[in-house]
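Just below is one structure, and these are the notes that go with it.
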Amino acid sequence: ILLNNNNNNLNNNNNENNNANANNSNNANNANNANITITLPESVNYADFNIDQYLANYSGVSKINRLIYISENENRLKNAALERAIFEIKSKTNNTSLYQQLFTKLSNSTTNNTLDQTWIDITDRRCITTLDKLENELAVHKINLLKENIRATHSEIGDYYYSRGDLENSLKAYARSRDFCVNPQHNLLMCYNVARVNFELRTFNQTINFVSKAEQIADAKDKSIITKLAVLDAISHLALRKFTLAADKFVKIPIENSSLFTEIVSINEVCVYGTLSALAAYDRLQIKRKLLEGEASKNFRNFLEQVPDMLELITCFCDSKYSRCLDILNKYKPEFALDLYLREHIESIYQSIRTKSIVQYCSTFNALDIRKMAIIFQTTPENIEKEIVDQISKNVIRARIDSHAKILYTFNEDGRNLMYQSTLKTGENFERETNGLLLRMNLVMQNLSIKIEKS
Amino acid sequence: MDFDLSTANEDSCLSFLIAAKNQIRPSDFIRYLARISQRFDRFINIFMEDICNAPSEELRGAQQEFLVICRRYSNISCVNNNPLIAIKPIYTALIKIRRTSDSLTPLHPCLLQLCLAAKTYEFAHQLLEEETFNIKASKNSLNIEDYLKFCYYGGLIYAGLKNYQKSFLFFSNAVTAPATIISAIVVESYKKFVLLSLLCSNSSYQCPKFTSTVVCRTIPQIASAYTEFANAYRDNSAERMNECVAKHLEIYKKDNNFGLIKQCTKRLNLRLIKKKTEIFLTLSFTQIAETLKINVDQVESVILQMIVSGDLHATIDQNQQIINFSADSRDYNNTESSRELENRIRKAIQITEKMQQLDVKIRLDKRYIGKQILQENTDWGKTARNN
């Protein structure tokens, strides 16, 4: 998706090709995700999408995860993604079960890869011996009651399972090491490991849990782990749709240690996620203060400089250049749709950004022409009218539409009239209710009630 | 005078009564008549006029029996289809028997029943306008059935006179009467209560907080056809409403509520348009036709009706085929409004005073004080034991 500065030209080239081949239908991403339909602009053509460039920023497990995600969700890229995933798995991990799984998926299509059974066997055997060795060590240490060694072995077992792709056991092993943690460094490492595995399992609530535990460890000194935890935290909030919290956390991630967390995400990713959550959650003033100017934003501005498009997006939003904003968003939409953490939320984020722009736009005018507005927001007058009506009925925009002349007028309720009306109404209600109550009390006191007669 | 009812036949009873009328006190006569009319009720018609001319002390002296006679009389009149004749005697009886002008007697519902049957709403209206909510059950021999009937008939009459607010009030009184079991009158009142709450658009059709739990829980399920309808109305959904009507048409007709249902459907259109006025300044005919789901040609007449009846403030532009909504230009900046406000405040103060009086009365009541002392004693006992 987001290339480094060096590759910017290639990126532009890519997109021009996309725009040129305007013959593919949109909306093909219905595959495995339950009920998530993303409307892509008409001209998306993934045939020219260069997977390798896209993945150049990632390493290790996150690369594999992303490849698998792409293969599940985008049929046109499925084979390419699977092939590369298989390659990665073979060279970097011991995850034979996943290897076999992916191979069965791939063999449903036409490629020439053959299952490397020998690699599977060798790796399996190697792993079994490793596991045996580790478990023996553990038994020995337990007999000798060496706390530090027990902890270290549990941790290693966790690592082992992680590389095998058995996340549940990995989690269990890391959790067991918890009891043997002595100093803050151990605690920190343990929290980090557990958070990382939970993150992979996509149980984001647990991730957040452990990150907050780690934050409470006094004396935590390992900067790299702290940064990694911050990143996990921010992305978990994003995945749970808590955009305000996510934006807060993204803005605070320090850029100095950025090379340390490439295993999870890339710098560009942080920038993109942060921008999107900020746009979805903050209002204009907050965006300006936290992301563009002022003391608080110095950190994040460094991120923004890495991806100038995002910087432009934010400045345009603050400067009310909405069509440029929407253009940039549309340009990146196909790429966002492939993203592991964004895909489920991309529609709602885009919708909320669009609604915010509309509301902002309307609030600046006393009377505005709906037709002009429709052009800016790249839609027809009828559609924009519908969106405005939506916002008016939710009382977000205070205005009235002259549907015939297609003009929007701001409208201020007369506060005094409203107050009079509500006062009179309250008086009426009070009278009615109290009278009803008094009457009822009277009846009860006289023993008049509908009951079974005792004759 | 001795008389053996068990052996008498109709003629002998009649001659006895004629003879007795002039010889004995009216109160005794009433007692005899009550016993005899149990078997031969057509005698009541003959003697009613005379009884009602008797002085009120006599009537009060034989109050129970007199009320029995009156109730029978009104029932017979309704059954025999000449309610109009009965109205005058019952009315005179009512005036004589009630102790203060605002107390409720069992004759009130009788009279209302007769008026309804005779369709003379105006007369009943007069009666209802004298706010009769001073209820002293024992003095007036009032029972709960009378009260419920009064509320129900009163509600019906006001609905017939198209005074929906008052009608709603009466039905809600019937629904909120204290109860431990369900009564048919309350069920019918509830059905109308729901429909009228839709017509007086500012009331909710949920039972008030102080309704008996028995009513709250069971009756909405019994009258589910109506709550469904009300839900559809509240959600401004014309299709669901029409669906509901089609489904439960038999029920509505059987309960004689179909007229109210029709009124509600008409009102829904108004509601839909009013919602639009909050968003739009002008709407074209086609857009309105879409909202109300009618033909474009009908739009003009429908809107015209709404404007004429004062529910909608708008102007119709025929050339361009649009409707211009104007804001509700009621200006509260005048003496009329301030007077209205003062009135409301005064009423609220009156009610609060009534409540305070009631509060004082209860505090001084023997039973309450007794309970207080008991409570204190037990509390004292507890604290004494703890120390």
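Within each chain, counting starts at residue 1; across the structure tokens, chains are named A, B, ... in the order shown, with ligands numbered 1 upward in that order.
Here is the contact set of chain A against chain B, at 6 Å and counting only C-alpha atoms: Arg400, Ile401, Asp402, Ser403, Leu448, Ser449, Ile450 and Lys451 of chain A.
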The selected residues should be written to file as an mmCIF file, in the first residue's frame (atoms: C-alpha atoms).
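As written to disk, out_0.cif reads:
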data_model
loop_
_atom_site.group_PDB
_atom_site.id
_atom_site.type_symbol
_atom_site.label_atom_id
_atom_site.label_comp_id
_atom_site.auth_asym_id
_atom_site.auth_seq_id
_atom_site.Cartn_x
_atom_site.Cartn_y
_atom_site.Cartn_z
ATOM 1 C CA ARG A 400 -34.379 23.810 6.603
ATOM 2 C CA ILE A 401 -34.412 22.787 2.974
ATOM 3 C CA ASP A 402 -36.282 24.599 0.283
ATOM 4 C CA SER A 403 -36.739 21.536 -1.831
ATOM 5 C CA LEU A 448 -63.616 1.224 46.202
ATOM 6 C CA SER A 449 -61.671 -1.145 44.085
ATOM 7 C CA ILE A 450 -62.303 -3.866 41.557
ATOM 8 C CA LYS A 451 -62.036 -6.978 43.592
#
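Excluding Arg71 in chain B itself and any same-chain residue fewer than 3 positions from it, the protein and nucleic acid residues within 9 Å of it, counting only C-alpha atoms, are Phe66, Leu67, Val68, Ser74, Asn75, Ile76, Pro106, Leu107 and Cys110 of chain B.
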Quick one: residues within 7 Å of Leu229 in chain A, only C-alpha atoms, excluding same-chain residues fewer than 3 positions away - as a list in words?
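Close residues of Leu229 in chain A: Tyr192, Val211, Ile225, Ile226, Leu232 and Asp233 of chain A.
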Who sits within 12 Å of Glu293 in chain A, only C-alpha atoms, same chain under 6 positions skipped, as a PyMOL selection string:
chain A and resi 285-287+299-302+311+314-315+318
Just the helix (DSSP H, G or I) stuff from range 184-322 of chain B, please, per backbone DSSP, written as a VMD selection string.
chain B and resid 184 to 199 213 to 222 224 to 234 238 to 254 258 to 277 285 to 292 296 to 308
Save the residues we just selected, C-alpha atoms, as an mmCIF file, in the first residue's frame?
data_model
loop_
_atom_site.group_PDB
_atom_site.id
_atom_site.type_symbol
_atom_site.label_atom_id
_atom_site.label_comp_id
_atom_site.auth_asym_id
_atom_site.auth_seq_id
_atom_site.Cartn_x
_atom_site.Cartn_y
_atom_site.Cartn_z
ATOM 1 C CA ALA B 184 -64.667 -6.114 31.289
ATOM 2 C CA ILE B 185 -65.384 -2.423 31.565
ATOM 3 C CA VAL B 186 -61.723 -1.731 32.142
ATOM 4 C CA VAL B 187 -60.740 -3.815 29.138
ATOM 5 C CA GLU B 188 -63.068 -1.899 26.868
ATOM 6 C CA SER B 189 -61.929 1.375 28.385
ATOM 7 C CA TYR B 190 -58.349 0.444 27.744
ATOM 8 C CA LYS B 191 -59.009 -0.175 24.077
ATOM 9 C CA LYS B 192 -60.529 3.227 23.681
ATOM 10 C CA PHE B 193 -57.848 4.729 25.872
ATOM 11 C CA VAL B 194 -55.189 3.564 23.453
ATOM 12 C CA LEU B 195 -56.989 4.874 20.388
ATOM 13 C CA LEU B 196 -57.764 8.225 21.948
ATOM 14 C CA SER B 197 -54.204 8.694 23.085
ATOM 15 C CA LEU B 198 -53.250 8.599 19.443
ATOM 16 C CA LEU B 199 -55.816 11.240 18.602
ATOM 17 C CA THR B 213 -50.184 -4.014 38.207
ATOM 18 C CA VAL B 214 -52.958 -6.397 37.263
ATOM 19 C CA VAL B 215 -54.109 -3.994 34.607
ATOM 20 C CA CYS B 216 -50.639 -3.116 33.388
ATOM 21 C CA ARG B 217 -49.604 -6.668 32.814
ATOM 22 C CA THR B 218 -52.604 -8.459 31.455
ATOM 23 C CA ILE B 219 -54.779 -6.013 29.618
ATOM 24 C CA PRO B 220 -52.354 -4.898 26.918
ATOM 25 C CA GLN B 221 -52.072 -8.507 25.884
ATOM 26 C CA ILE B 222 -55.815 -8.948 25.769
ATOM 27 C CA SER B 224 -53.069 -6.666 21.548
ATOM 28 C CA ALA B 225 -54.812 -5.686 18.316
ATOM 29 C CA TYR B 226 -54.920 -2.147 19.615
ATOM 30 C CA THR B 227 -51.409 -1.917 20.976
ATOM 31 C CA GLU B 228 -50.128 -3.206 17.644
ATOM 32 C CA PHE B 229 -52.059 -0.492 15.883
ATOM 33 C CA ALA B 230 -50.758 2.147 18.267
ATOM 34 C CA ASN B 231 -47.194 0.996 17.751
ATOM 35 C CA ALA B 232 -47.541 1.275 14.001
ATOM 36 C CA TYR B 233 -48.997 4.741 14.414
ATOM 37 C CA ARG B 234 -46.205 5.868 16.692
ATOM 38 C CA ALA B 238 -48.570 3.732 7.134
ATOM 39 C CA GLU B 239 -48.059 0.239 5.696
ATOM 40 C CA ARG B 240 -47.901 -1.436 9.065
ATOM 41 C CA MET B 241 -50.958 0.439 10.167
ATOM 42 C CA ASN B 242 -52.958 -0.598 7.152
ATOM 43 C CA GLU B 243 -51.769 -4.157 7.590
ATOM 44 C CA CYS B 244 -52.950 -4.069 11.164
ATOM 45 C CA VAL B 245 -56.343 -2.748 10.202
ATOM 46 C CA ALA B 246 -56.803 -5.401 7.555
ATOM 47 C CA LYS B 247 -55.785 -8.121 9.974
ATOM 48 C CA HIS B 248 -57.985 -7.103 12.872
ATOM 49 C CA LEU B 249 -60.912 -5.610 11.042
ATOM 50 C CA GLU B 250 -63.365 -8.011 12.632
ATOM 51 C CA ILE B 251 -62.207 -7.184 16.119
ATOM 52 C CA TYR B 252 -62.413 -3.457 15.570
ATOM 53 C CA LYS B 253 -65.900 -3.688 14.147
ATOM 54 C CA LYS B 254 -67.127 -5.953 16.896
ATOM 55 C CA PHE B 258 -63.884 1.160 13.804
ATOM 56 C CA GLY B 259 -64.877 4.804 13.663
ATOM 57 C CA LEU B 260 -62.002 5.755 15.946
ATOM 58 C CA ILE B 261 -59.614 3.653 13.896
ATOM 59 C CA LYS B 262 -60.596 5.506 10.769
ATOM 60 C CA GLN B 263 -59.981 8.805 12.482
ATOM 61 C CA CYS B 264 -56.537 7.662 13.536
ATOM 62 C CA THR B 265 -55.566 6.659 10.022
ATOM 63 C CA LYS B 266 -56.535 10.090 8.791
ATOM 64 C CA ARG B 267 -54.457 11.662 11.502
ATOM 65 C CA LEU B 268 -51.413 9.683 10.567
ATOM 66 C CA ASN B 269 -51.187 11.594 7.324
ATOM 67 C CA LEU B 270 -51.092 14.791 9.268
ATOM 68 C CA ARG B 271 -48.374 13.437 11.464
ATOM 69 C CA LEU B 272 -46.223 12.461 8.514
ATOM 70 C CA ILE B 273 -46.549 15.886 6.975
ATOM 71 C CA LYS B 274 -45.749 17.582 10.248
ATOM 72 C CA LYS B 275 -42.535 15.644 10.481
ATOM 73 C CA LYS B 276 -41.610 16.927 7.082
ATOM 74 C CA THR B 277 -42.206 20.511 8.132
ATOM 75 C CA PHE B 285 -46.569 17.601 -4.876
ATOM 76 C CA THR B 286 -44.772 14.514 -6.067
ATOM 77 C CA GLN B 287 -42.685 14.324 -2.918
ATOM 78 C CA ILE B 288 -45.768 14.631 -0.740
ATOM 79 C CA ALA B 289 -47.572 12.005 -2.769
ATOM 80 C CA GLU B 290 -44.624 9.725 -2.139
ATOM 81 C CA THR B 291 -44.650 10.325 1.602
ATOM 82 C CA LEU B 292 -48.365 9.799 2.032
ATOM 83 C CA VAL B 296 -50.473 13.231 -7.002
ATOM 84 C CA ASP B 297 -53.933 14.606 -7.824
ATOM 85 C CA GLN B 298 -55.209 13.880 -4.367
ATOM 86 C CA VAL B 299 -52.390 15.772 -2.724
ATOM 87 C CA GLU B 300 -53.944 19.166 -3.180
ATOM 88 C CA SER B 301 -57.264 18.281 -1.567
ATOM 89 C CA VAL B 302 -55.642 16.466 1.321
ATOM 90 C CA ILE B 303 -53.327 19.352 2.127
ATOM 91 C CA LEU B 304 -56.139 21.829 1.714
ATOM 92 C CA GLN B 305 -58.173 19.997 4.316
ATOM 93 C CA MET B 306 -55.290 20.068 6.746
ATOM 94 C CA ILE B 307 -54.756 23.773 6.281
ATOM 95 C CA VAL B 308 -58.433 24.570 6.648
#
List as a list in words the protein and nucleic acid residues near Asn383 in chain A, meaning an atom at most 12 Å away when only C-alpha atoms are counted, but skip any in the same chain fewer than 4 places from it.
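Close residues of Asn383 in chain A: Ile370, Arg371, Met373, Ala374, Ile375, Phe377, Gln378, Thr379, Glu387, Ile388, Val389 and Asp390 of chain A.
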Report as a compact mmCIF listing (two decimals) with N, CA, C and O atoms, in the first residue's frame all protein, DNA and RNA residues lying within 10 Å of Glu305 in chain A, evaluated on only C-alpha atoms, omitting residues in the same chain fewer than 6 positions from it.
# COMPACT_ATOMS: atom_id res chain seq x y z
N ASN A 5 9.11 6.87 0.47
CA ASN A 5 9.25 8.02 -0.42
C ASN A 5 9.92 7.65 -1.73
O ASN A 5 9.57 8.15 -2.79
N ASN A 268 4.38 3.72 7.88
CA ASN A 268 3.30 4.26 7.07
C ASN A 268 1.95 3.83 7.61
O ASN A 268 0.99 4.57 7.62
N CYS A 271 0.93 5.83 10.48
CA CYS A 271 0.47 7.13 10.00
C CYS A 271 -0.95 7.02 9.49
O CYS A 271 -1.83 7.80 9.86
N LEU A 311 -0.87 13.63 5.04
CA LEU A 311 -0.75 15.00 5.52
C LEU A 311 -1.68 15.89 4.72
O LEU A 311 -2.39 16.75 5.27
N GLU A 312 -1.68 15.66 3.40
CA GLU A 312 -2.55 16.47 2.55
C GLU A 312 -4.01 16.25 2.92
O GLU A 312 -4.81 17.18 2.97
Non-local contacts of range 14-27 of chain B (7 Å; only C-alpha atoms; under 4 positions in same chain excluded) as number ranges by chain:
B: 10, 31, 54, 58-59, 61-62
List every residue of range 289-341 of chain B that DSSP, applied to the backbone, labels as strand (DSSP E or B), and write the result as a ChimeraX atom specification.
/B:314-317,322-325
May I have the residues from that selection written out with N, CA, C and O atoms, as a compact mmCIF listing (two decimals), in the first residue's frame?
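As written to disk, out.txt reads:
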# COMPACT_ATOMS: atom_id res chain seq x y z
N ALA B 314 -49.53 26.32 6.04
CA ALA B 314 -48.81 26.23 4.76
C ALA B 314 -49.59 26.97 3.70
O ALA B 314 -50.74 27.37 3.90
N THR B 315 -48.94 27.17 2.56
CA THR B 315 -49.64 27.74 1.41
C THR B 315 -49.38 26.85 0.21
O THR B 315 -48.30 26.27 0.07
N ILE B 316 -50.41 26.75 -0.66
CA ILE B 316 -50.29 25.88 -1.83
C ILE B 316 -50.01 26.75 -3.04
O ILE B 316 -50.71 27.72 -3.29
N ASP B 317 -48.97 26.39 -3.77
CA ASP B 317 -48.67 27.12 -5.00
C ASP B 317 -49.02 26.20 -6.15
O ASP B 317 -48.30 25.26 -6.44
N ILE B 322 -46.09 23.21 -5.68
CA ILE B 322 -45.34 22.99 -4.44
C ILE B 322 -46.15 23.51 -3.26
O ILE B 322 -47.10 24.27 -3.43
N ILE B 323 -45.75 23.07 -2.10
CA ILE B 323 -46.36 23.56 -0.87
C ILE B 323 -45.29 24.32 -0.10
O ILE B 323 -44.19 23.83 0.08
N ASN B 324 -45.62 25.52 0.34
CA ASN B 324 -44.70 26.27 1.18
C ASN B 324 -45.13 26.15 2.62
O ASN B 324 -46.25 26.51 2.96
N PHE B 325 -44.25 25.65 3.46
CA PHE B 325 -44.61 25.58 4.87
C PHE B 325 -44.22 26.87 5.55
O PHE B 325 -43.12 27.36 5.36
Separation of CA of Ile362 in chain B and CA of Gln446 in chain A, in Å?
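CA of Gln446 in chain A lies at a distance of 13.3 Å from CA of Ile362 in chain B.
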Work out how far CA of Ser236 in chain A is from CA of Phe199 in chain A, in Å to one decimal.
7.4 Å
What's the separation between CA of Lys331 in chain A and CA of Ile392 in chain A, in Å to one decimal place?
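If I compute the distance from CA of Lys331 in chain A to CA of Ile392 in chain A, I get 29.6 Å.
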